[in-house]
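The next block is my_file07.csv, given as CSV, C-alpha atoms (C1' of nucleotides).
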```csv
chain,number,residue,atom,x,y,z
R,1,MET,CA,-15.0,4.2,27.9
R,2,ASN,CA,-12.0,3.5,25.7
R,3,ILE,CA,-9.3,6.0,24.5
R,4,THR,CA,-7.0,5.1,21.6
R,5,THR,CA,-3.7,6.7,20.8
R,6,PHE,CA,-2.7,6.4,17.1
R,7,ASN,CA,0.1,7.9,15.2
R,8,VAL,CA,-1.5,7.9,11.7
R,9,ASN,CA,1.6,9.0,9.8
R,10,SER,CA,-0.4,11.5,7.7
R,11,ILE,CA,-4.2,11.8,8.1
R,12,ARG,CA,-4.7,12.5,4.4
R,13,ALA,CA,-2.6,9.6,3.1
R,14,ARG,CA,-4.2,7.4,5.8
R,15,LEU,CA,-7.8,8.6,5.5
R,16,ASP,CA,-9.4,5.5,3.9
R,17,ARG,CA,-7.7,3.3,6.5
R,18,LEU,CA,-8.6,5.6,9.4
R,19,LEU,CA,-12.2,5.7,8.4
R,20,GLY,CA,-12.4,2.0,7.9
R,21,TRP,CA,-10.8,1.5,11.3
R,22,LEU,CA,-13.2,3.9,13.0
R,23,ASP,CA,-16.2,2.2,11.3
R,24,ASP,CA,-14.9,-1.2,12.5
R,25,ARG,CA,-13.9,-0.4,16.1
R,26,VAL,CA,-16.1,2.6,16.9
R,27,PRO,CA,-13.8,3.9,19.6
R,28,ASP,CA,-15.0,6.5,22.1
R,29,VAL,CA,-12.0,8.8,21.9
R,30,VAL,CA,-9.0,8.8,19.5
R,31,CYS,CA,-5.9,10.8,20.0
R,32,LEU,CA,-4.1,11.2,16.7
R,33,GLN,CA,-0.5,12.2,16.0
R,34,GLU,CA,1.4,13.2,12.9
R,35,LEU,CA,-1.5,14.6,10.9
R,36,LYS,CA,1.1,16.3,8.7
R,37,CYS,CA,-1.4,19.0,7.6
R,38,THR,CA,-2.9,22.2,8.6
R,39,ASP,CA,-6.2,22.5,10.5
R,40,ALA,CA,-7.9,23.6,7.3
R,41,ASP,CA,-6.7,20.4,5.5
R,42,VAL,CA,-8.0,18.0,8.1
R,43,PRO,CA,-10.9,15.9,6.6
R,44,ARG,CA,-13.1,17.1,9.4
R,45,ALA,CA,-16.4,16.5,7.7
R,46,GLU,CA,-15.6,12.8,7.1
R,47,LEU,CA,-15.0,12.4,10.9
R,48,GLU,CA,-18.0,14.5,12.0
R,49,LYS,CA,-20.2,12.4,9.6
R,50,ARG,CA,-19.3,9.4,11.8
R,51,GLY,CA,-20.4,11.2,15.0
R,52,TYR,CA,-17.1,12.5,16.2
R,53,HIS,CA,-16.4,15.9,17.8
R,54,VAL,CA,-13.0,17.0,16.4
R,55,ALA,CA,-10.3,19.2,18.0
R,56,THR,CA,-7.2,19.7,16.0
R,57,TYR,CA,-3.8,21.4,16.2
R,58,GLY,CA,-2.4,21.0,12.8
R,59,GLN,CA,0.8,21.9,11.0
R,60,LYS,CA,2.0,21.7,7.4
R,61,THR,CA,4.3,18.8,6.4
R,62,TYR,CA,5.2,17.7,9.9
R,63,ASN,CA,3.7,17.1,13.4
R,64,GLY,CA,0.0,17.9,14.0
R,65,VAL,CA,-2.3,16.3,16.6
R,66,ALA,CA,-6.0,15.9,17.1
R,67,ILE,CA,-8.6,14.6,19.5
R,68,LEU,CA,-11.7,12.8,18.2
R,69,SER,CA,-14.6,12.1,20.7
R,70,ARG,CA,-18.1,10.7,20.4
R,71,THR,CA,-19.0,13.0,23.4
R,72,PRO,CA,-18.1,16.7,23.5
R,73,ILE,CA,-14.6,17.9,24.1
R,74,THR,CA,-14.3,20.9,26.4
R,75,ASP,CA,-11.6,23.3,27.5
R,76,VAL,CA,-9.4,22.6,24.4
R,77,GLU,CA,-5.8,23.8,24.8
R,78,THR,CA,-3.1,23.8,22.2
R,79,ASP,CA,0.5,25.0,22.1
R,80,LEU,CA,1.6,22.4,24.5
R,81,PRO,CA,3.8,21.9,26.4
R,82,TRP,CA,4.8,25.6,26.2
R,83,ALA,CA,3.7,28.6,24.1
R,84,GLY,CA,7.2,29.2,22.7
R,85,ASP,CA,7.3,25.9,20.9
R,86,SER,CA,6.9,26.4,17.1
R,87,GLN,CA,5.9,22.8,16.5
R,88,ALA,CA,2.4,21.5,16.8
R,89,ARG,CA,2.9,18.6,19.1
R,90,GLY,CA,0.4,18.9,22.0
R,91,ILE,CA,-3.3,19.3,22.4
R,92,ALA,CA,-5.5,18.8,25.5
R,93,GLY,CA,-9.2,18.6,26.1
R,94,THR,CA,-11.6,17.3,28.7
R,95,VAL,CA,-13.9,14.3,27.8
R,96,ALA,CA,-16.4,12.9,30.3
R,97,GLY,CA,-14.5,14.4,33.2
R,98,VAL,CA,-11.1,13.1,32.1
R,99,ARG,CA,-8.4,15.6,31.2
R,100,ILE,CA,-6.7,14.2,28.1
R,101,VAL,CA,-3.3,15.4,27.0
R,102,ASN,CA,-2.4,14.1,23.6
R,103,LEU,CA,1.3,14.4,22.6
R,104,TYR,CA,3.6,13.8,19.7
R,105,VAL,CA,7.0,13.9,21.4
R,106,VAL,CA,10.0,14.9,19.4
R,107,ASN,CA,11.8,12.0,17.8
R,108,GLY,CA,15.3,13.3,18.1
R,109,GLN,CA,16.6,11.5,15.0
R,110,ASP,CA,20.1,10.8,16.3
R,111,THR,CA,22.0,11.7,19.5
R,112,ALA,CA,24.5,13.7,17.3
R,113,SER,CA,21.6,15.8,15.8
R,114,ASP,CA,20.4,19.2,17.0
R,115,LYS,CA,17.0,17.5,17.3
R,116,TYR,CA,18.2,15.4,20.2
R,117,PRO,CA,18.9,18.2,22.7
R,118,TYR,CA,15.6,19.8,21.5
R,119,LYS,CA,13.9,16.5,22.4
R,120,LEU,CA,15.3,16.6,25.9
R,121,GLU,CA,14.4,20.3,26.3
R,122,TRP,CA,10.9,19.6,25.1
R,123,LEU,CA,10.5,16.8,27.7
R,124,GLN,CA,11.7,19.2,30.4
R,125,HIS,CA,9.0,21.7,29.3
R,126,LEU,CA,6.5,18.8,29.4
R,127,ARG,CA,7.4,17.9,32.9
R,128,ARG,CA,7.0,21.5,34.0
R,129,TYR,CA,3.6,21.7,32.2
R,130,LEU,CA,2.3,18.5,33.9
R,131,ASP,CA,3.7,19.4,37.3
R,132,GLY,CA,0.7,20.2,39.5
R,133,ARG,CA,-1.9,18.8,37.1
R,134,THR,CA,-1.8,15.2,38.2
R,135,ALA,CA,-4.2,15.5,41.1
R,136,GLU,CA,-7.2,15.4,38.7
R,137,PRO,CA,-8.3,12.4,36.6
R,138,LEU,CA,-5.5,12.9,33.9
R,139,LEU,CA,-4.5,10.9,30.9
R,140,VAL,CA,-1.2,11.8,29.1
R,141,CYS,CA,-1.1,9.7,26.0
R,142,GLY,CA,0.5,9.7,22.6
R,143,ASP,CA,3.6,8.9,20.7
R,144,PHE,CA,6.4,9.4,23.3
R,145,ASN,CA,9.2,8.3,21.0
R,146,ILE,CA,10.7,6.6,24.1
R,147,ALA,CA,11.0,2.9,24.9
R,148,PRO,CA,11.0,3.1,28.7
R,149,ALA,CA,13.0,-0.1,29.3
R,150,ASP,CA,14.9,-2.9,27.5
R,151,ALA,CA,11.7,-5.0,27.8
R,152,ASP,CA,10.1,-2.6,25.4
R,153,VAL,CA,12.6,-3.2,22.6
R,154,TYR,CA,13.0,-6.3,20.3
R,155,ASP,CA,16.8,-6.2,20.4
R,156,PRO,CA,18.0,-4.2,23.3
R,157,ALA,CA,21.7,-4.7,22.4
R,158,SER,CA,21.3,-3.2,19.0
R,159,TRP,CA,19.2,-0.3,20.4
R,160,LYS,CA,21.5,0.5,23.3
R,161,GLY,CA,22.4,4.1,23.3
R,162,GLN,CA,20.3,4.8,20.2
R,163,VAL,CA,17.6,7.5,20.2
R,164,LEU,CA,14.4,6.2,21.8
R,165,CYS,CA,16.5,4.2,24.3
R,166,THR,CA,19.1,6.5,25.7
R,167,ASP,CA,19.5,6.9,29.4
R,168,ALA,CA,18.6,10.6,29.2
R,169,GLU,CA,15.3,9.9,27.4
R,170,ARG,CA,14.4,7.1,29.9
R,171,GLU,CA,15.3,9.4,32.8
R,172,ALA,CA,13.0,12.1,31.3
R,173,PHE,CA,10.2,9.5,31.1
R,174,SER,CA,10.7,8.4,34.7
R,175,ALA,CA,10.6,12.0,35.7
R,176,LEU,CA,7.1,12.2,34.2
R,177,LEU,CA,6.0,9.2,36.2
R,178,ALA,CA,7.5,10.7,39.3
R,179,LEU,CA,4.9,13.5,39.0
R,180,GLY,CA,2.3,10.9,39.9
R,181,LEU,CA,1.6,9.1,36.6
R,182,THR,CA,1.6,5.4,35.9
R,183,ASP,CA,2.5,3.6,32.6
R,184,SER,CA,-0.8,1.9,32.4
R,185,PHE,CA,0.2,-0.8,29.9
R,186,ARG,CA,3.1,-1.9,32.1
R,187,LYS,CA,1.0,-1.8,35.2
R,188,VAL,CA,-1.6,-4.1,33.7
R,189,ASN,CA,0.9,-6.3,31.9
R,190,PRO,CA,4.1,-6.5,34.0
R,191,ASP,CA,5.8,-9.1,31.9
R,192,ARG,CA,4.2,-8.8,28.5
R,193,ARG,CA,6.5,-8.2,25.4
R,194,GLN,CA,4.3,-6.0,23.2
R,195,PHE,CA,5.4,-3.4,20.7
R,196,THR,CA,3.5,-0.4,19.2
R,197,TRP,CA,5.8,0.6,16.3
R,198,TRP,CA,7.5,-1.5,13.6
R,199,ASP,CA,9.8,-0.3,10.9
R,200,TYR,CA,8.3,-0.4,7.4
R,201,ARG,CA,11.7,-1.5,6.1
R,202,SER,CA,13.1,-5.0,6.2
R,203,SER,CA,9.7,-6.7,7.1
R,204,GLY,CA,9.9,-5.2,10.6
R,205,PHE,CA,6.3,-6.1,11.4
R,206,GLU,CA,6.4,-9.6,10.0
R,207,GLN,CA,9.4,-10.3,12.1
R,208,ASN,CA,7.9,-8.5,15.1
R,209,LYS,CA,11.0,-6.3,15.3
R,210,GLY,CA,9.4,-3.4,17.1
R,211,VAL,CA,9.5,-1.0,20.0
R,212,ARG,CA,6.9,0.1,22.6
R,213,ILE,CA,6.8,3.9,22.3
R,214,ASP,CA,3.1,4.8,22.3
R,215,HIS,CA,1.9,5.2,25.9
R,216,HIS,CA,-1.0,6.0,28.2
R,217,LEU,CA,0.1,7.6,31.4
R,218,VAL,CA,-2.6,7.9,34.0
R,219,SER,CA,-2.9,9.8,37.3
R,220,ALA,CA,-3.6,8.1,40.6
R,221,THR,CA,-7.2,9.1,40.6
R,222,LEU,CA,-7.7,7.5,37.1
R,223,LEU,CA,-5.6,4.4,37.7
R,224,PRO,CA,-8.4,2.4,39.5
R,225,ARG,CA,-10.5,2.7,36.4
R,226,VAL,CA,-7.9,1.0,34.1
R,227,LEU,CA,-9.1,-2.4,32.8
R,228,ASP,CA,-6.5,-3.0,30.1
R,229,VAL,CA,-4.4,-1.6,27.3
R,230,THR,CA,-4.5,-3.4,24.0
R,231,VAL,CA,-2.6,-3.0,20.7
R,232,ASP,CA,-4.4,-3.4,17.4
R,233,MET,CA,-2.0,-5.7,15.6
R,234,GLU,CA,-4.6,-6.5,13.0
R,235,GLU,CA,-4.8,-2.9,11.9
R,236,ARG,CA,-1.0,-2.6,11.7
R,237,GLY,CA,-0.9,-5.7,9.5
R,238,ARG,CA,-3.3,-4.3,6.9
R,239,PRO,CA,-2.3,-2.9,3.5
R,240,GLN,CA,-1.5,0.8,3.6
R,241,ALA,CA,-1.3,0.8,7.4
R,242,SER,CA,0.6,3.3,9.5
R,243,ASP,CA,3.9,2.1,10.9
R,244,HIS,CA,2.3,2.6,14.4
R,245,ALA,CA,-0.5,0.4,15.7
R,246,PRO,CA,-3.5,2.0,17.4
R,247,VAL,CA,-3.2,1.5,21.2
R,248,THR,CA,-6.3,1.5,23.3
R,249,LEU,CA,-6.8,2.2,27.0
R,250,HIS,CA,-9.9,0.6,28.4
R,251,LEU,CA,-11.5,2.3,31.4
R,252,VAL,CA,-14.3,1.3,33.6
C,1,DA,C1',28.6,1.9,6.4
C,2,DT,C1',24.3,2.1,3.7
C,3,DG,C1',19.9,1.2,2.2
C,4,DC,C1',16.0,-1.0,3.2
C,5,DC,C1',9.9,1.9,3.4
C,6,DA,C1',6.7,5.7,3.5
C,7,DC,C1',5.3,10.5,3.4
C,8,DA,C1',5.4,15.6,2.1
C,9,DC,C1',7.1,18.9,-0.9
C,10,DC,C1',4.1,23.9,-5.1
C,11,DT,C1',8.5,17.2,-6.0
C,12,DT,C1',11.6,14.8,-10.4
C,13,DG,C1',15.7,14.5,-5.3
C,14,DT,C1',15.8,15.7,-0.2
C,15,DG,C1',14.4,15.8,4.6
C,16,DT,C1',12.3,13.3,8.1
C,17,DG,C1',10.6,9.6,10.6
C,18,DA,C1',11.9,5.8,14.7
```

For the file at hand, write its structure as structure tokens.
Amino acid sequence: MNITTFNVNSIRARLDRLLGWLDDRVPDVVCLQELKCTDADVPRAELEKRGYHVATYGQKTYNGVAILSRTPITDVETDLPWAGDSQARGIAGTVAGVRIVNLYVVNGQDTASDKYPYKLEWLQHLRRYLDGRTAEPLLVCGDFNIAPADADVYDPASWKGQVLCTDAEREAFSALLALGLTDSFRKVNPDRRQFTWWDYRSSGFEQNKGVRIDHHLVSATLLPRVLDVTVDMEERGRPQASDHAPVTLHLV
DNA sequence: ATGCCACACCTTGTGTGA
């Protein structure tokens, strides 16, 4: 079983690429972020035609998340991590006995922006939501907008103190792990320098100037099933690609 | 210090992303 997290940066603008990628890779489960459209505007029929069950939590213009699965998705939950959040950033569902929480974490824009304290508040709500849920086979994946360590950044000096890399964000990430979750990529590849997002500007991808911000966190009961985590660099290099690469967790 | 690119918006420039 494989589960991909992919920030598509607009499911409508990316539809041809997304469908081409699905036809090529035939993934079991796909967690999408940044749909940038309402549930009604999600091209559901195109996905279902390919054999996917589709659960969405959309929003106009910004945010929006979805889970696609070749087998049924049960117990779908939206409005994560708390009901008072007005932004569509979290959806959960159970697939083949694995509880999957798909997240589009707040970017934060800049430490001086109001969006930055909102990001930290959002992460606190996420921690509260996940607390007590890590005993089951749980996968928390998505675009975390946090590079957990300097090893996850192409130029740590230039990123120091910048949003995605601040101490407060990294502490919030560690606090999630402390609930009983493991950063599966780093567990499997302790020393590998691999990014998941590259800036569209200034040939970021061509120069491999990226950051690792898309993650698969697994609970202790799921960890023994982890085989590998791979980043689809080929897809990121294609014309009209998202600025994120699809990242796939391979389970036994 | 700014723009560099890409996307949505009932667009013709602005906000946001990371």

At most 10 Å to chain R: residues in chain C, all atoms listed in the file, as a PDB file with C-alpha atoms (C1' of nucleotides), in the coordinates of the input:
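Contents of the output file part.pdb:
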```
ATOM      1  C1'  DG C   3      19.900   1.200   2.200  1.00  0.00           C
ATOM      2  C1'  DC C   4      16.000  -1.000   3.200  1.00  0.00           C
ATOM      3  C1'  DC C   5       9.900   1.900   3.400  1.00  0.00           C
ATOM      4  C1'  DA C   6       6.700   5.700   3.500  1.00  0.00           C
ATOM      5  C1'  DC C   7       5.300  10.500   3.400  1.00  0.00           C
ATOM      6  C1'  DA C   8       5.400  15.600   2.100  1.00  0.00           C
ATOM      7  C1'  DC C   9       7.100  18.900  -0.900  1.00  0.00           C
ATOM      8  C1'  DT C  16      12.300  13.300   8.100  1.00  0.00           C
ATOM      9  C1'  DG C  17      10.600   9.600  10.600  1.00  0.00           C
ATOM     10  C1'  DA C  18      11.900   5.800  14.700  1.00  0.00           C
TER      11       DA C  18
END
```

Would you list the residues near (-17.1, 20.3, 20.1) (no more than 12 Å away, in the coordinates of the file, using all atoms listed in the file) as a PDB file with C-alpha atoms, in the frame of the given file?
```
ATOM      1  CA  ARG R  44     -13.100  17.100   9.400  1.00  0.00           C
ATOM      2  CA  GLU R  48     -18.000  14.500  12.000  1.00  0.00           C
ATOM      3  CA  GLY R  51     -20.400  11.200  15.000  1.00  0.00           C
ATOM      4  CA  TYR R  52     -17.100  12.500  16.200  1.00  0.00           C
ATOM      5  CA  HIS R  53     -16.400  15.900  17.800  1.00  0.00           C
ATOM      6  CA  VAL R  54     -13.000  17.000  16.400  1.00  0.00           C
ATOM      7  CA  ALA R  55     -10.300  19.200  18.000  1.00  0.00           C
ATOM      8  CA  THR R  56      -7.200  19.700  16.000  1.00  0.00           C
ATOM      9  CA  ILE R  67      -8.600  14.600  19.500  1.00  0.00           C
ATOM     10  CA  LEU R  68     -11.700  12.800  18.200  1.00  0.00           C
ATOM     11  CA  SER R  69     -14.600  12.100  20.700  1.00  0.00           C
ATOM     12  CA  ARG R  70     -18.100  10.700  20.400  1.00  0.00           C
ATOM     13  CA  THR R  71     -19.000  13.000  23.400  1.00  0.00           C
ATOM     14  CA  PRO R  72     -18.100  16.700  23.500  1.00  0.00           C
ATOM     15  CA  ILE R  73     -14.600  17.900  24.100  1.00  0.00           C
ATOM     16  CA  THR R  74     -14.300  20.900  26.400  1.00  0.00           C
ATOM     17  CA  ASP R  75     -11.600  23.300  27.500  1.00  0.00           C
ATOM     18  CA  VAL R  76      -9.400  22.600  24.400  1.00  0.00           C
ATOM     19  CA  GLY R  93      -9.200  18.600  26.100  1.00  0.00           C
ATOM     20  CA  THR R  94     -11.600  17.300  28.700  1.00  0.00           C
ATOM     21  CA  VAL R  95     -13.900  14.300  27.800  1.00  0.00           C
TER      22      VAL R  95
END
```

Report task. Grab the atom CA of R:Ala178 to atom CA of R:Thr78 distance for me, in Å with one decimal place. Result -> 24.0 Å

Query raised in the report: Could you state the separation of atom CA of R:Gln124 and atom CA of R:Arg193 in Å, given to one decimal place?
Result: 28.3 Å

Produce the centre coordinates and the three edge lengths, each in Å to one decimal, of the box along x, y and z that contains all listed atoms of stretch 5-9 of chain C with 8 Å added on each side, as JSON.
```
{"center_x": 7.6, "center_y": 10.4, "center_z": 1.3, "size_x": 20.6, "size_y": 33.0, "size_z": 20.4}
```

Report summary line: In terms of all atoms listed in the file, the residue from R:Arg133, R:Ala172, R:Thr5, R:Val42 at minimal distance from R:Ser219 is R:Arg133

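Taking atom CA of R:Thr221 and atom CA of R:Ala168 as endpoints, the distance between them is 28.2 Å.
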
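Comparing the minimum interatomic distances between R:Lys187 and each of R:Leu223, R:Phe205, R:Thr4, R:Tyr154, counting all atoms listed in the file, we find that R:Leu223 sits nearest.
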
Report task. Pick out the residues sitting within 8 Å of R:Leu139, and hand them over as a PyMOL selection string; count only C-alpha atoms (C1' of nucleotides), and ignore anything fewer than 2 positions along from it in its own chain. Result -> chain R and resi 98-101+137+141+216-219+222

Show me, as an mmCIF file with C-alpha atoms, keeping the file's coordinate frame, the residues that have an atom within 9 Å of stretch 18-26 of chain R when counting only C-alpha atoms (C1' of nucleotides), minus same-chain residues fewer than 2 positions from it.
```
data_model
loop_
_atom_site.group_PDB
_atom_site.id
_atom_site.type_symbol
_atom_site.label_atom_id
_atom_site.label_comp_id
_atom_site.auth_asym_id
_atom_site.auth_seq_id
_atom_site.Cartn_x
_atom_site.Cartn_y
_atom_site.Cartn_z
ATOM 1 C CA VAL R 8 -1.500 7.900 11.700
ATOM 2 C CA ILE R 11 -4.200 11.800 8.100
ATOM 3 C CA ARG R 14 -4.200 7.400 5.800
ATOM 4 C CA LEU R 15 -7.800 8.600 5.500
ATOM 5 C CA ASP R 16 -9.400 5.500 3.900
ATOM 6 C CA ASP R 28 -15.000 6.500 22.100
ATOM 7 C CA VAL R 29 -12.000 8.800 21.900
ATOM 8 C CA GLU R 46 -15.600 12.800 7.100
ATOM 9 C CA LEU R 47 -15.000 12.400 10.900
ATOM 10 C CA ARG R 50 -19.300 9.400 11.800
ATOM 11 C CA GLU R 235 -4.800 -2.900 11.900
ATOM 12 C CA ALA R 241 -1.300 0.800 7.400
#
```

Requested in this report: Tell me which protein, DNA and RNA residues are within 12 Å of R:Leu227, counting all atoms listed in the file, leaving out same-chain ones fewer than 6 positions away, and put them as a list of chain:residue names.
Outcome: R:Met1, R:Asn2, R:Ile3, R:Ser184, R:Phe185, R:Lys187, R:Val188, R:Asn189, R:Thr248, R:Leu249, R:His250, R:Leu251, R:Val252

How would stretch 178-203 of chain R read, as a tab-separated table (two decimals), in the frame of the given file, once N, CA and C atoms are built in?
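Dumped to rebuild.tsv:
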```
chain	number	residue	atom	x	y	z
R	178	ALA	N	7.28	10.26	37.96
R	178	ALA	CA	7.50	10.70	39.30
R	178	ALA	C	6.54	11.86	39.72
R	179	LEU	N	5.90	12.47	38.74
R	179	LEU	CA	4.90	13.50	39.00
R	179	LEU	C	3.60	12.90	39.56
R	180	GLY	N	3.48	11.57	39.47
R	180	GLY	CA	2.30	10.90	39.90
R	180	GLY	C	1.50	10.25	38.79
R	181	LEU	N	2.25	9.79	37.79
R	181	LEU	CA	1.60	9.10	36.60
R	181	LEU	C	2.11	7.67	36.59
R	182	THR	N	1.28	6.82	35.99
R	182	THR	CA	1.60	5.40	35.90
R	182	THR	C	1.51	4.99	34.40
R	183	ASP	N	2.51	4.23	33.95
R	183	ASP	CA	2.50	3.60	32.60
R	183	ASP	C	1.49	2.49	32.65
R	184	SER	N	0.28	2.78	32.16
R	184	SER	CA	-0.80	1.90	32.40
R	184	SER	C	-0.62	0.51	31.73
R	185	PHE	N	-0.03	0.46	30.53
R	185	PHE	CA	0.20	-0.80	29.90
R	185	PHE	C	1.11	-1.70	30.78
R	186	ARG	N	2.19	-1.14	31.27
R	186	ARG	CA	3.10	-1.90	32.10
R	186	ARG	C	2.55	-2.32	33.41
R	187	LYS	N	1.68	-1.47	33.93
R	187	LYS	CA	1.00	-1.80	35.20
R	187	LYS	C	0.12	-3.02	35.04
R	188	VAL	N	-0.61	-3.05	33.93
R	188	VAL	CA	-1.60	-4.10	33.70
R	188	VAL	C	-0.89	-5.40	33.21
R	189	ASN	N	0.22	-5.20	32.47
R	189	ASN	CA	0.90	-6.30	31.90
R	189	ASN	C	2.41	-6.28	32.25
R	190	PRO	N	2.75	-6.69	33.49
R	190	PRO	CA	4.10	-6.50	34.00
R	190	PRO	C	5.18	-7.21	33.15
R	191	ASP	N	4.81	-8.33	32.55
R	191	ASP	CA	5.80	-9.10	31.90
R	191	ASP	C	5.60	-9.27	30.37
R	192	ARG	N	4.61	-8.58	29.85
R	192	ARG	CA	4.20	-8.80	28.50
R	192	ARG	C	5.18	-8.07	27.51
R	193	ARG	N	5.60	-8.80	26.47
R	193	ARG	CA	6.50	-8.20	25.40
R	193	ARG	C	5.54	-7.80	24.28
R	194	GLN	N	5.31	-6.52	24.19
R	194	GLN	CA	4.30	-6.00	23.20
R	194	GLN	C	4.87	-4.68	22.66
R	195	PHE	N	4.88	-4.58	21.35
R	195	PHE	CA	5.40	-3.40	20.70
R	195	PHE	C	4.22	-2.56	20.12
R	196	THR	N	4.51	-1.28	19.78
R	196	THR	CA	3.50	-0.40	19.20
R	196	THR	C	3.94	0.16	17.85
R	197	TRP	N	5.24	0.06	17.56
R	197	TRP	CA	5.80	0.60	16.30
R	197	TRP	C	6.73	-0.45	15.70
R	198	TRP	N	6.64	-0.62	14.38
R	198	TRP	CA	7.50	-1.50	13.60
R	198	TRP	C	7.96	-0.82	12.37
R	199	ASP	N	9.23	-0.96	12.05
R	199	ASP	CA	9.80	-0.30	10.90
R	199	ASP	C	9.14	-0.85	9.61
R	200	TYR	N	8.80	0.07	8.69
R	200	TYR	CA	8.30	-0.40	7.40
R	200	TYR	C	9.34	-1.21	6.64
R	201	ARG	N	10.59	-0.91	6.91
R	201	ARG	CA	11.70	-1.50	6.10
R	201	ARG	C	12.00	-2.92	6.65
R	202	SER	N	12.52	-3.73	5.78
R	202	SER	CA	13.10	-5.00	6.20
R	202	SER	C	12.04	-5.91	6.90
R	203	SER	N	10.77	-5.83	6.50
R	203	SER	CA	9.70	-6.70	7.10
R	203	SER	C	9.72	-6.60	8.62
```
